[in-house]
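Dumped work.cif below, it's mmCIF, C-alpha atoms and all ligand atoms:
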data_query
#
loop_
_atom_site.group_PDB
_atom_site.id
_atom_site.type_symbol
_atom_site.label_atom_id
_atom_site.label_comp_id
_atom_site.auth_asym_id
_atom_site.auth_seq_id
_atom_site.Cartn_x
_atom_site.Cartn_y
_atom_site.Cartn_z
ATOM 1 C CA MET Z 803 11.271 11.869 8.461
ATOM 2 C CA SER Z 804 14.820 13.231 8.462
ATOM 3 C CA ASP Z 805 17.416 10.488 8.918
ATOM 4 C CA LYS Z 806 14.735 7.848 8.371
ATOM 5 C CA SER Z 807 14.920 5.110 5.763
ATOM 6 C CA ILE Z 808 11.734 4.049 4.106
ATOM 7 C CA LEU Z 809 10.668 1.261 1.823
ATOM 8 C CA VAL Z 810 7.597 1.739 -0.387
ATOM 9 C CA THR Z 811 6.084 -1.087 -2.438
ATOM 10 C CA GLY Z 812 3.980 -0.199 -5.452
ATOM 11 C CA GLY Z 813 5.952 3.046 -5.390
ATOM 12 C CA GLY Z 814 5.898 3.431 -9.168
ATOM 13 C CA SER Z 815 2.365 4.766 -9.381
ATOM 14 C CA GLY Z 816 -0.639 6.263 -7.594
ATOM 15 C CA ILE Z 817 -0.664 6.175 -3.796
ATOM 16 C CA GLY Z 818 2.807 4.611 -3.506
ATOM 17 C CA ARG Z 819 4.390 7.290 -5.699
ATOM 18 C CA ALA Z 820 2.638 10.083 -3.805
ATOM 19 C CA ALA Z 821 3.785 8.632 -0.463
ATOM 20 C CA SER Z 822 7.372 8.243 -1.734
ATOM 21 C CA LEU Z 823 7.407 11.921 -2.741
ATOM 22 C CA VAL Z 824 6.024 13.106 0.622
ATOM 23 C CA PHE Z 825 8.491 10.886 2.560
ATOM 24 C CA ALA Z 826 11.358 12.386 0.571
ATOM 25 C CA ARG Z 827 10.054 15.945 0.925
ATOM 26 C CA GLU Z 828 10.084 15.412 4.705
ATOM 27 C CA GLY Z 829 13.735 14.316 4.553
ATOM 28 C CA GLY Z 830 13.404 10.526 4.367
ATOM 29 C CA ARG Z 831 15.595 8.274 2.196
ATOM 30 C CA VAL Z 832 13.365 6.100 0.037
ATOM 31 C CA LEU Z 833 13.684 2.704 -1.636
ATOM 32 C CA VAL Z 834 10.977 2.685 -4.298
ATOM 33 C CA ALA Z 835 9.929 -0.857 -5.243
ATOM 34 C CA ASP Z 836 7.568 -1.843 -8.026
ATOM 35 C CA LEU Z 837 6.834 -4.748 -10.340
ATOM 36 C CA TYR Z 838 7.836 -2.412 -13.186
ATOM 37 C CA LEU Z 839 11.360 -1.039 -12.755
ATOM 38 C CA GLU Z 840 10.731 1.878 -15.136
ATOM 39 C CA ARG Z 841 7.854 3.125 -12.958
ATOM 40 C CA ALA Z 842 9.903 2.832 -9.760
ATOM 41 C CA SER Z 843 12.857 4.556 -11.460
ATOM 42 C CA GLU Z 844 10.596 7.421 -12.566
ATOM 43 C CA THR Z 845 9.511 8.007 -8.964
ATOM 44 C CA ALA Z 846 13.105 7.842 -7.712
ATOM 45 C CA GLU Z 847 14.139 10.307 -10.434
ATOM 46 C CA LEU Z 848 11.367 12.742 -9.392
ATOM 47 C CA ILE Z 849 12.693 12.568 -5.824
ATOM 48 C CA ARG Z 850 16.308 13.131 -6.875
ATOM 49 C CA GLU Z 851 15.297 16.058 -9.115
ATOM 50 C CA ALA Z 852 13.746 17.646 -6.025
ATOM 51 C CA GLY Z 853 17.038 17.152 -4.121
ATOM 52 C CA GLY Z 854 16.026 14.021 -2.209
ATOM 53 C CA VAL Z 855 17.624 10.586 -1.801
ATOM 54 C CA ALA Z 856 15.984 7.610 -3.507
ATOM 55 C CA LEU Z 857 16.744 4.425 -5.354
ATOM 56 C CA ALA Z 858 14.561 2.043 -7.294
ATOM 57 C CA VAL Z 859 14.222 -1.714 -7.443
ATOM 58 C CA ARG Z 860 12.107 -4.186 -9.364
ATOM 59 C CA THR Z 861 10.202 -6.420 -6.958
ATOM 60 C CA ASP Z 862 7.274 -8.782 -7.312
ATOM 61 C CA VAL Z 863 5.791 -8.610 -3.817
ATOM 62 C CA SER Z 864 3.967 -11.902 -4.313
ATOM 63 C CA ARG Z 865 7.369 -13.661 -4.374
ATOM 64 C CA GLU Z 866 9.070 -14.205 -1.045
ATOM 65 C CA ASP Z 867 12.578 -14.290 -2.545
ATOM 66 C CA ASP Z 868 11.997 -10.930 -4.289
ATOM 67 C CA VAL Z 869 10.720 -9.405 -1.048
ATOM 68 C CA ARG Z 870 13.708 -10.628 0.965
ATOM 69 C CA ALA Z 871 16.113 -9.231 -1.644
ATOM 70 C CA MET Z 872 14.242 -5.885 -1.580
ATOM 71 C CA VAL Z 873 14.498 -5.574 2.205
ATOM 72 C CA ASP Z 874 18.180 -6.606 2.174
ATOM 73 C CA LEU Z 875 18.830 -3.924 -0.465
ATOM 74 C CA ALA Z 876 17.049 -1.280 1.632
ATOM 75 C CA VAL Z 877 19.190 -2.090 4.667
ATOM 76 C CA ALA Z 878 22.420 -2.309 2.637
ATOM 77 C CA GLU Z 879 21.901 0.895 0.644
ATOM 78 C CA LEU Z 880 20.029 3.086 3.129
ATOM 79 C CA GLY Z 881 21.846 1.824 6.226
ATOM 80 C CA GLN Z 882 18.767 0.805 8.211
ATOM 81 C CA LEU Z 883 15.007 0.333 7.867
ATOM 82 C CA ASP Z 884 12.832 2.646 9.953
ATOM 83 C CA CYS Z 885 9.551 2.536 8.063
ATOM 84 C CA ALA Z 886 7.818 0.446 5.452
ATOM 85 C CA PHE Z 887 4.754 1.224 3.389
ATOM 86 C CA ASN Z 888 3.465 -2.133 2.114
ATOM 87 C CA ASN Z 889 1.151 -0.751 -0.501
ATOM 88 C CA ALA Z 890 1.450 -2.661 -3.794
ATOM 89 C CA GLY Z 891 -1.824 -4.148 -4.871
ATOM 90 C CA ILE Z 892 -4.129 -4.953 -7.751
ATOM 91 C CA GLY Z 893 -7.818 -4.257 -8.205
ATOM 92 C CA THR Z 894 -10.476 -6.647 -9.407
ATOM 93 C CA ALA Z 895 -10.100 -5.332 -12.958
ATOM 94 C CA ALA Z 896 -6.588 -6.840 -13.103
ATOM 95 C CA THR Z 897 -7.964 -10.380 -12.902
ATOM 96 C CA GLU Z 898 -11.630 -10.301 -13.966
ATOM 97 C CA SER Z 899 -13.037 -8.420 -16.951
ATOM 98 C CA THR Z 900 -16.661 -8.712 -15.905
ATOM 99 C CA ASN Z 901 -18.641 -8.369 -12.706
ATOM 100 C CA THR Z 902 -18.063 -11.933 -11.473
ATOM 101 C CA ARG Z 903 -19.825 -13.399 -8.460
ATOM 102 C CA ILE Z 904 -18.257 -16.015 -6.170
ATOM 103 C CA VAL Z 905 -19.631 -19.127 -7.911
ATOM 104 C CA ASP Z 906 -18.280 -17.991 -11.284
ATOM 105 C CA MET Z 907 -14.900 -16.701 -10.161
ATOM 106 C CA ARG Z 908 -11.840 -18.332 -11.620
ATOM 107 C CA GLN Z 909 -9.387 -19.950 -9.194
ATOM 108 C CA GLU Z 910 -6.561 -18.118 -10.965
ATOM 109 C CA ALA Z 911 -8.155 -14.721 -10.237
ATOM 110 C CA TRP Z 912 -8.645 -15.642 -6.579
ATOM 111 C CA ASP Z 913 -5.067 -16.927 -6.194
ATOM 112 C CA ARG Z 914 -3.459 -13.940 -7.912
ATOM 113 C CA THR Z 915 -5.458 -11.366 -5.931
ATOM 114 C CA LEU Z 916 -4.693 -13.014 -2.599
ATOM 115 C CA ALA Z 917 -1.014 -13.428 -3.507
ATOM 116 C CA VAL Z 918 -0.458 -9.812 -4.574
ATOM 117 C CA ASN Z 919 -2.696 -8.067 -2.032
ATOM 118 C CA LEU Z 920 -2.457 -10.223 1.087
ATOM 119 C CA THR Z 921 0.307 -12.843 1.099
ATOM 120 C CA SER Z 922 2.642 -10.065 -0.093
ATOM 121 C CA VAL Z 923 1.997 -8.097 3.102
ATOM 122 C CA TRP Z 924 2.841 -11.182 5.141
ATOM 123 C CA HIS Z 925 6.084 -11.685 3.155
ATOM 124 C CA CYS Z 926 6.964 -8.004 3.584
ATOM 125 C CA MET Z 927 6.356 -7.850 7.322
ATOM 126 C CA ARG Z 928 8.265 -11.077 7.945
ATOM 127 C CA ALA Z 929 11.282 -9.615 6.169
ATOM 128 C CA GLU Z 930 10.962 -6.078 7.591
ATOM 129 C CA ILE Z 931 10.153 -6.628 11.274
ATOM 130 C CA PRO Z 932 13.483 -8.269 12.273
ATOM 131 C CA HIS Z 933 15.287 -5.070 11.154
ATOM 132 C CA MET Z 934 12.981 -2.946 13.326
ATOM 133 C CA VAL Z 935 12.864 -4.966 16.529
ATOM 134 C CA GLU Z 936 14.835 -3.207 19.297
ATOM 135 C CA ARG Z 937 15.649 -0.019 17.350
ATOM 136 C CA GLY Z 938 11.927 0.568 16.678
ATOM 137 C CA GLY Z 939 10.036 1.069 13.465
ATOM 138 C CA ALA Z 940 6.708 1.779 11.843
ATOM 139 C CA ILE Z 941 4.845 -0.183 9.207
ATOM 140 C CA VAL Z 942 1.810 0.968 7.248
ATOM 141 C CA ASN Z 943 -0.135 -1.467 5.069
ATOM 142 C CA THR Z 944 -2.651 -0.467 2.421
ATOM 143 C CA ALA Z 945 -6.105 -1.929 2.981
ATOM 144 C CA SER Z 946 -9.224 -0.279 1.514
ATOM 145 C CA ILE Z 947 -12.786 0.607 2.375
ATOM 146 C CA ALA Z 948 -13.235 -2.947 1.042
ATOM 147 C CA ALA Z 949 -11.775 -3.987 4.428
ATOM 148 C CA ARG Z 950 -14.756 -2.343 6.124
ATOM 149 C CA GLY Z 951 -17.560 -3.773 3.984
ATOM 150 C CA ALA Z 952 -18.091 -5.600 0.708
ATOM 151 C CA LEU Z 953 -18.201 -4.415 -2.894
ATOM 152 C CA ALA Z 954 -20.298 -6.678 -5.142
ATOM 153 C CA GLY Z 955 -18.380 -8.641 -7.767
ATOM 154 C CA SER Z 956 -15.045 -8.209 -5.961
ATOM 155 C CA ALA Z 957 -15.000 -11.044 -3.410
ATOM 156 C CA ALA Z 958 -11.291 -11.813 -3.794
ATOM 157 C CA TYR Z 959 -10.343 -8.142 -3.447
ATOM 158 C CA VAL Z 960 -12.648 -7.711 -0.441
ATOM 159 C CA ALA Z 961 -11.294 -10.859 1.219
ATOM 160 C CA SER Z 962 -7.698 -9.779 0.561
ATOM 161 C CA LYS Z 963 -8.237 -6.349 2.110
ATOM 162 C CA HIS Z 964 -10.087 -7.745 5.150
ATOM 163 C CA GLY Z 965 -7.050 -10.014 5.472
ATOM 164 C CA VAL Z 966 -4.686 -7.035 5.383
ATOM 165 C CA ALA Z 967 -6.660 -5.450 8.227
ATOM 166 C CA GLY Z 968 -6.442 -8.625 10.325
ATOM 167 C CA LEU Z 969 -2.757 -9.126 9.592
ATOM 168 C CA THR Z 970 -2.070 -5.506 10.536
ATOM 169 C CA LYS Z 971 -3.760 -5.892 13.917
ATOM 170 C CA SER Z 972 -2.015 -9.219 14.579
ATOM 171 C CA ALA Z 973 1.406 -7.744 13.848
ATOM 172 C CA ALA Z 974 0.610 -4.651 15.942
ATOM 173 C CA ILE Z 975 -0.139 -6.626 19.097
ATOM 174 C CA GLU Z 976 2.659 -9.139 18.566
ATOM 175 C CA TYR Z 977 5.426 -6.535 18.103
ATOM 176 C CA ALA Z 978 4.244 -3.574 20.213
ATOM 177 C CA GLU Z 979 6.651 -4.449 23.023
ATOM 178 C CA ASP Z 980 9.498 -4.527 20.510
ATOM 179 C CA GLY Z 981 8.829 -0.921 19.531
ATOM 180 C CA VAL Z 982 7.297 -1.716 16.149
ATOM 181 C CA ARG Z 983 4.015 0.024 15.330
ATOM 182 C CA VAL Z 984 1.817 -1.414 12.579
ATOM 183 C CA ASN Z 985 -1.168 0.402 11.100
ATOM 184 C CA ALA Z 986 -3.165 0.350 7.879
ATOM 185 C CA VAL Z 987 -4.906 2.905 5.715
ATOM 186 C CA ALA Z 988 -8.311 2.217 4.195
ATOM 187 C CA PRO Z 989 -8.681 4.533 1.201
ATOM 188 C CA GLY Z 990 -12.000 5.177 -0.486
ATOM 189 C CA HIS Z 991 -11.978 5.787 -4.236
ATOM 190 C CA ILE Z 992 -8.748 7.574 -5.120
ATOM 191 C CA GLU Z 993 -7.830 8.917 -8.561
ATOM 192 C CA THR Z 994 -5.066 6.545 -9.685
ATOM 193 C CA PRO Z 995 -4.537 4.175 -12.637
ATOM 194 C CA LEU Z 996 -6.150 1.430 -10.490
ATOM 195 C CA LEU Z 997 -9.360 3.456 -10.256
ATOM 196 C CA GLU Z 998 -9.235 4.153 -13.998
ATOM 197 C CA GLN Z 999 -9.158 0.369 -14.621
ATOM 198 C CA ALA Z 1000 -12.152 -0.079 -12.318
ATOM 199 C CA LEU Z 1001 -13.991 2.695 -14.145
ATOM 200 C CA ALA Z 1002 -13.233 1.135 -17.535
ATOM 201 C CA ARG Z 1003 -14.473 -2.258 -16.319
ATOM 202 C CA ARG Z 1004 -17.771 -0.770 -15.190
ATOM 203 C CA GLY Z 1005 -18.220 1.297 -18.343
ATOM 204 C CA GLY Z 1006 -17.604 4.530 -16.430
ATOM 205 C CA GLU Z 1007 -20.333 3.767 -13.891
ATOM 206 C CA LEU Z 1008 -18.488 4.599 -10.733
ATOM 207 C CA SER Z 1009 -19.369 7.863 -9.087
ATOM 208 C CA PRO Z 1010 -17.812 9.314 -5.961
ATOM 209 C CA ARG Z 1011 -20.559 8.180 -3.571
ATOM 210 C CA ASN Z 1012 -19.299 10.213 -0.649
ATOM 211 C CA PRO Z 1013 -20.464 13.434 0.984
ATOM 212 C CA VAL Z 1014 -17.436 15.321 -0.363
ATOM 213 C CA ARG Z 1015 -18.659 14.407 -3.884
ATOM 214 C CA ARG Z 1016 -15.304 13.861 -5.530
ATOM 215 C CA PHE Z 1017 -12.701 11.105 -5.778
ATOM 216 C CA GLY Z 1018 -9.732 11.474 -3.435
ATOM 217 C CA ARG Z 1019 -6.206 12.329 -4.549
ATOM 218 C CA ALA Z 1020 -3.235 10.041 -3.881
ATOM 219 C CA GLU Z 1021 -1.552 12.859 -1.922
ATOM 220 C CA GLU Z 1022 -4.484 12.840 0.494
ATOM 221 C CA ILE Z 1023 -3.630 9.262 1.453
ATOM 222 C CA ALA Z 1024 0.116 9.922 1.451
ATOM 223 C CA GLU Z 1025 -0.109 12.581 4.169
ATOM 224 C CA THR Z 1026 -1.776 10.126 6.574
ATOM 225 C CA VAL Z 1027 0.721 7.383 5.706
ATOM 226 C CA VAL Z 1028 3.659 9.654 6.503
ATOM 227 C CA TRP Z 1029 2.019 10.728 9.783
ATOM 228 C CA LEU Z 1030 1.516 7.052 10.726
ATOM 229 C CA CYS Z 1031 5.213 6.410 10.005
ATOM 230 C CA SER Z 1032 6.366 9.421 12.002
ATOM 231 C CA ASP Z 1033 6.947 9.726 15.738
ATOM 232 C CA ARG Z 1034 3.977 12.115 15.855
ATOM 233 C CA SER Z 1035 1.727 9.030 15.924
ATOM 234 C CA SER Z 1036 3.777 7.244 18.607
ATOM 235 C CA PHE Z 1037 0.742 5.865 20.526
ATOM 236 C CA THR Z 1038 -1.152 4.749 17.409
ATOM 237 C CA THR Z 1039 -0.846 1.077 16.519
ATOM 238 C CA GLY Z 1040 -3.182 -1.640 15.255
ATOM 239 C CA GLU Z 1041 -5.389 1.027 13.690
ATOM 240 C CA LEU Z 1042 -7.167 0.982 10.333
ATOM 241 C CA VAL Z 1043 -7.506 4.605 9.269
ATOM 242 C CA THR Z 1044 -10.339 5.190 6.807
ATOM 243 C CA ILE Z 1045 -9.788 8.049 4.359
ATOM 244 C CA ASP Z 1046 -12.856 8.157 2.154
ATOM 245 C CA GLY Z 1047 -14.374 11.640 2.026
ATOM 246 C CA GLY Z 1048 -16.946 10.598 4.606
ATOM 247 C CA ARG Z 1049 -18.363 7.735 2.550
ATOM 248 C CA LEU Z 1050 -18.631 5.203 5.384
ATOM 249 C CA ALA Z 1051 -19.851 7.822 7.835
ATOM 250 C CA ARG Z 1052 -23.255 7.781 6.132
ATOM 251 C CA ALA Z 1053 -26.021 5.816 7.860
HETATM 252 P P1 LIG V 1 -1.788 1.902 -8.939
HETATM 253 O O1 LIG V 1 -2.171 0.871 -9.913
HETATM 254 O O2 LIG V 1 -1.682 3.329 -9.356
HETATM 255 O O3 LIG V 1 -0.405 1.517 -8.230
HETATM 256 C C1 LIG V 1 -0.127 0.219 -7.804
HETATM 257 C C2 LIG V 1 1.324 -0.087 -8.083
HETATM 258 O O4 LIG V 1 1.585 -1.407 -7.567
HETATM 259 C C3 LIG V 1 1.654 -0.116 -9.577
HETATM 260 O O5 LIG V 1 2.779 0.697 -9.865
HETATM 261 C C4 LIG V 1 1.940 -1.581 -9.863
HETATM 262 O O6 LIG V 1 2.916 -1.778 -10.862
HETATM 263 C C5 LIG V 1 2.401 -2.063 -8.512
HETATM 264 N N1 LIG V 1 2.248 -3.520 -8.392
HETATM 265 C C6 LIG V 1 1.209 -4.297 -8.809
HETATM 266 N N2 LIG V 1 1.472 -5.594 -8.582
HETATM 267 C C7 LIG V 1 2.696 -5.641 -7.999
HETATM 268 C C8 LIG V 1 3.529 -6.699 -7.551
HETATM 269 N N3 LIG V 1 3.152 -7.981 -7.662
HETATM 270 N N4 LIG V 1 4.725 -6.393 -7.000
HETATM 271 C C9 LIG V 1 5.121 -5.099 -6.894
HETATM 272 N N5 LIG V 1 4.395 -4.050 -7.320
HETATM 273 C C10 LIG V 1 3.193 -4.327 -7.866
HETATM 274 O O7 LIG V 1 -2.846 1.748 -7.752
HETATM 275 P P2 LIG V 1 -3.128 2.581 -6.418
HETATM 276 O O8 LIG V 1 -4.528 3.032 -6.500
HETATM 277 O O9 LIG V 1 -2.032 3.538 -6.118
HETATM 278 O O10 LIG V 1 -3.108 1.361 -5.405
HETATM 279 C C11 LIG V 1 -2.200 1.250 -4.334
HETATM 280 C C12 LIG V 1 -2.867 0.467 -3.233
HETATM 281 O O11 LIG V 1 -4.034 1.170 -2.796
HETATM 282 C C13 LIG V 1 -3.366 -0.929 -3.620
HETATM 283 O O12 LIG V 1 -3.074 -1.832 -2.585
HETATM 284 C C14 LIG V 1 -4.860 -0.740 -3.772
HETATM 285 O O13 LIG V 1 -5.583 -1.931 -3.524
HETATM 286 C C15 LIG V 1 -5.123 0.294 -2.703
HETATM 287 N N6 LIG V 1 -6.370 1.038 -2.852
HETATM 288 C C16 LIG V 1 -6.586 1.855 -3.919
HETATM 289 C C17 LIG V 1 -7.777 2.558 -4.017
HETATM 290 C C18 LIG V 1 -8.097 3.471 -5.173
HETATM 291 O O14 LIG V 1 -9.253 3.899 -5.307
HETATM 292 N N7 LIG V 1 -7.150 3.827 -6.015
HETATM 293 C C19 LIG V 1 -8.748 2.404 -3.023
HETATM 294 C C20 LIG V 1 -8.495 1.576 -1.944
HETATM 295 C C21 LIG V 1 -7.285 0.888 -1.866
#
This structure in structure tokens:
Amino acid sequence: MSDKSILVTGGGSGIGRAASLVFAREGGRVLVADLYLERASETAELIREAGGVALAVRTDVSREDDVRAMVDLAVAELGQLDCAFNNAGIGTAATESTNTRIVDMRQEAWDRTLAVNLTSVWHCMRAEIPHMVERGGAIVNTASIAARGALAGSAAYVASKHGVAGLTKSAAIEYAEDGVRVNAVAPGHIETPLLEQALARRGGELSPRNPVRRFGRAEEIAETVVWLCSDRSSFTTGELVTIDGGRLARA
């Protein structure tokens, strides 16, 4: 990652923070973006304490103007944009307090989930790709195992993550000739504040239903994200990489 500039959304917590730290450890310069500036600043501070280069910005990825300003800042402050990790997202617990099926879902919950998890990725890629065309670049979007199959009571989340997978593949084939690779990660259950919210919503009834028999760690997603951004994955594009402790491997 040395000499590379990287933008990470949702970088103030969980998977985004872990990826920001690994990017920086590998020599990358990181713009950490999050809805909450104090969270993003904390991540940037951790990077600087370890001798890395990072800055923080408050961004609501569901707002196109915020996203454009974030990308402009990355290019202005870091000199260029080589990689982007479009990762910010919300779980079902952020919009629905109970296990709500499609007929009973509120329009507001649907709209918010799609805006933060899916339309945001569209906004991000539209702002990022023009800076990568010709000089090359790599984008990684965060989907979920909910892009591979459905989870009951989470239709908006499932639809948003299937959308991220489709958008990733569309961007990959449209910009391959321009030297821009676009991939997505599909994490299983990973120990982050988002998972804690899901656990609270289900009264603690969420067990690691995978052969490894534990929840994943954010760092275990971050390593794959950094590999997908690096030149070591130069022939990999349009791929959805599942990282779930073998959960979906089960018949
Ligand atoms: P997290 O809650 O720890 O981190 C998400 C970060 O995104 C937070 O810092 C939050 O402030 C930020 N964010 C939320 N809305 C935002 C907005 N509108 N604009 C900018 N930032 C915003 O969660 P996490 O588990 O690290 O989740 C990261 C991504 O991974 C999400 O897209 C999530 O759907 C996905 N994911 C998580 C799991 C899991 O089990 N934790 C599984 C599959 C997919």
Margin query: Once the PyMOL selection byres (((chain Z and resi 924) around 10) and not hetatm) has been evaluated on this model, what residues remain selected, and can you format them as a PyMOL selection string?
Written below: chain Z and resi 863-864+866+888+917+919-923+925-930+965-966+969-970+973
Keeping only C-alpha atoms, write those residues as a PDB file, in the coordinates of the input.
ATOM      1  CA  VAL Z 863       5.791  -8.610  -3.817  1.00  0.00           C
ATOM      2  CA  SER Z 864       3.967 -11.902  -4.313  1.00  0.00           C
ATOM      3  CA  GLU Z 866       9.070 -14.205  -1.045  1.00  0.00           C
ATOM      4  CA  ASN Z 888       3.465  -2.133   2.114  1.00  0.00           C
ATOM      5  CA  ALA Z 917      -1.014 -13.428  -3.507  1.00  0.00           C
ATOM      6  CA  ASN Z 919      -2.696  -8.067  -2.032  1.00  0.00           C
ATOM      7  CA  LEU Z 920      -2.457 -10.223   1.087  1.00  0.00           C
ATOM      8  CA  THR Z 921       0.307 -12.843   1.099  1.00  0.00           C
ATOM      9  CA  SER Z 922       2.642 -10.065  -0.093  1.00  0.00           C
ATOM     10  CA  VAL Z 923       1.997  -8.097   3.102  1.00  0.00           C
ATOM     11  CA  HIS Z 925       6.084 -11.685   3.155  1.00  0.00           C
ATOM     12  CA  CYS Z 926       6.964  -8.004   3.584  1.00  0.00           C
ATOM     13  CA  MET Z 927       6.356  -7.850   7.322  1.00  0.00           C
ATOM     14  CA  ARG Z 928       8.265 -11.077   7.945  1.00  0.00           C
ATOM     15  CA  ALA Z 929      11.282  -9.615   6.169  1.00  0.00           C
ATOM     16  CA  GLU Z 930      10.962  -6.078   7.591  1.00  0.00           C
ATOM     17  CA  GLY Z 965      -7.050 -10.014   5.472  1.00  0.00           C
ATOM     18  CA  VAL Z 966      -4.686  -7.035   5.383  1.00  0.00           C
ATOM     19  CA  LEU Z 969      -2.757  -9.126   9.592  1.00  0.00           C
ATOM     20  CA  THR Z 970      -2.070  -5.506  10.536  1.00  0.00           C
ATOM     21  CA  ALA Z 973       1.406  -7.744  13.848  1.00  0.00           C
TER      22      ALA Z 973
END
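The two atoms in question, CA of Leu833 (chain Z) and CA of Val935 (chain Z), are spaced 19.7 Å apart.
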Edge lengths and centre in Å, axis-aligned, ligand LIG 1 (chain V) plus 6 Å each side, as AutoDock Vina command-line options:
--center_x -2.1 --center_y -2.0 --center_z -6.4 --size_x 26.4 --size_y 23.9 --size_z 21.0
Written as a compact mmCIF listing (two decimals) with C-alpha atoms, in the coordinates of the input, which residues does the PyMOL selection byres (((chain Z and resi 974) around 8) and not hetatm) give for the file shown?
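What follows is the written file result-v7.txt:
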# COMPACT_ATOMS: atom_id res chain seq x y z
CA THR Z 970 -2.07 -5.51 10.54
CA LYS Z 971 -3.76 -5.89 13.92
CA SER Z 972 -2.02 -9.22 14.58
CA ALA Z 973 1.41 -7.74 13.85
CA ILE Z 975 -0.14 -6.63 19.10
CA GLU Z 976 2.66 -9.14 18.57
CA TYR Z 977 5.43 -6.54 18.10
CA ALA Z 978 4.24 -3.57 20.21
CA VAL Z 982 7.30 -1.72 16.15
CA ARG Z 983 4.01 0.02 15.33
CA VAL Z 984 1.82 -1.41 12.58
CA ASN Z 985 -1.17 0.40 11.10
CA THR Z 1039 -0.85 1.08 16.52
CA GLY Z 1040 -3.18 -1.64 15.26
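Picture a line from atom C3 of ligand LIG 1 (chain V) to CA of Ala1002 (chain Z); it runs 16.9 Å.
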Next item on the list: Evaluate the PyMOL selection byres (((chain Z and resi 875-881) around 12) and not hetatm) and record the selected residues as a PyMOL selection string, following the chain and residue labels used in the document.
Entry: chain Z and resi 805-811+830-835+855-861+868-874+882-886+929-930+932-934
Next item on the list: Could you report the residues within 6 Å of ligand LIG 1 (chain V), using all atoms listed in the file, as a PyMOL selection string?
Entry: chain Z and resi 811-818+836-838+861-864+889-893+918+944-946+989-997
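Closest approach to Arg950 (chain Z) from the set Z:Ser1036, Z:Thr915, Z:Ser822, Z:Thr1044 is made by Z:Thr1044, with distances taken over all atoms listed in the file.
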Checklist line | d(CA of Gly938 (chain Z), CA of Ser1032 (chain Z)) in Å | finding: 11.5 Å
Next item on the list: Find the spatial neighbours of Ser1009 (chain Z), counting only C-alpha atoms, within a cut-off of 12 Å - ignore same-chain residues fewer than 3 positions away - and output them as a VMD selection string.
Entry: chain Z and resid 990 to 993 997 to 998 1000 to 1001 1004 to 1006 1012 to 1018 1049
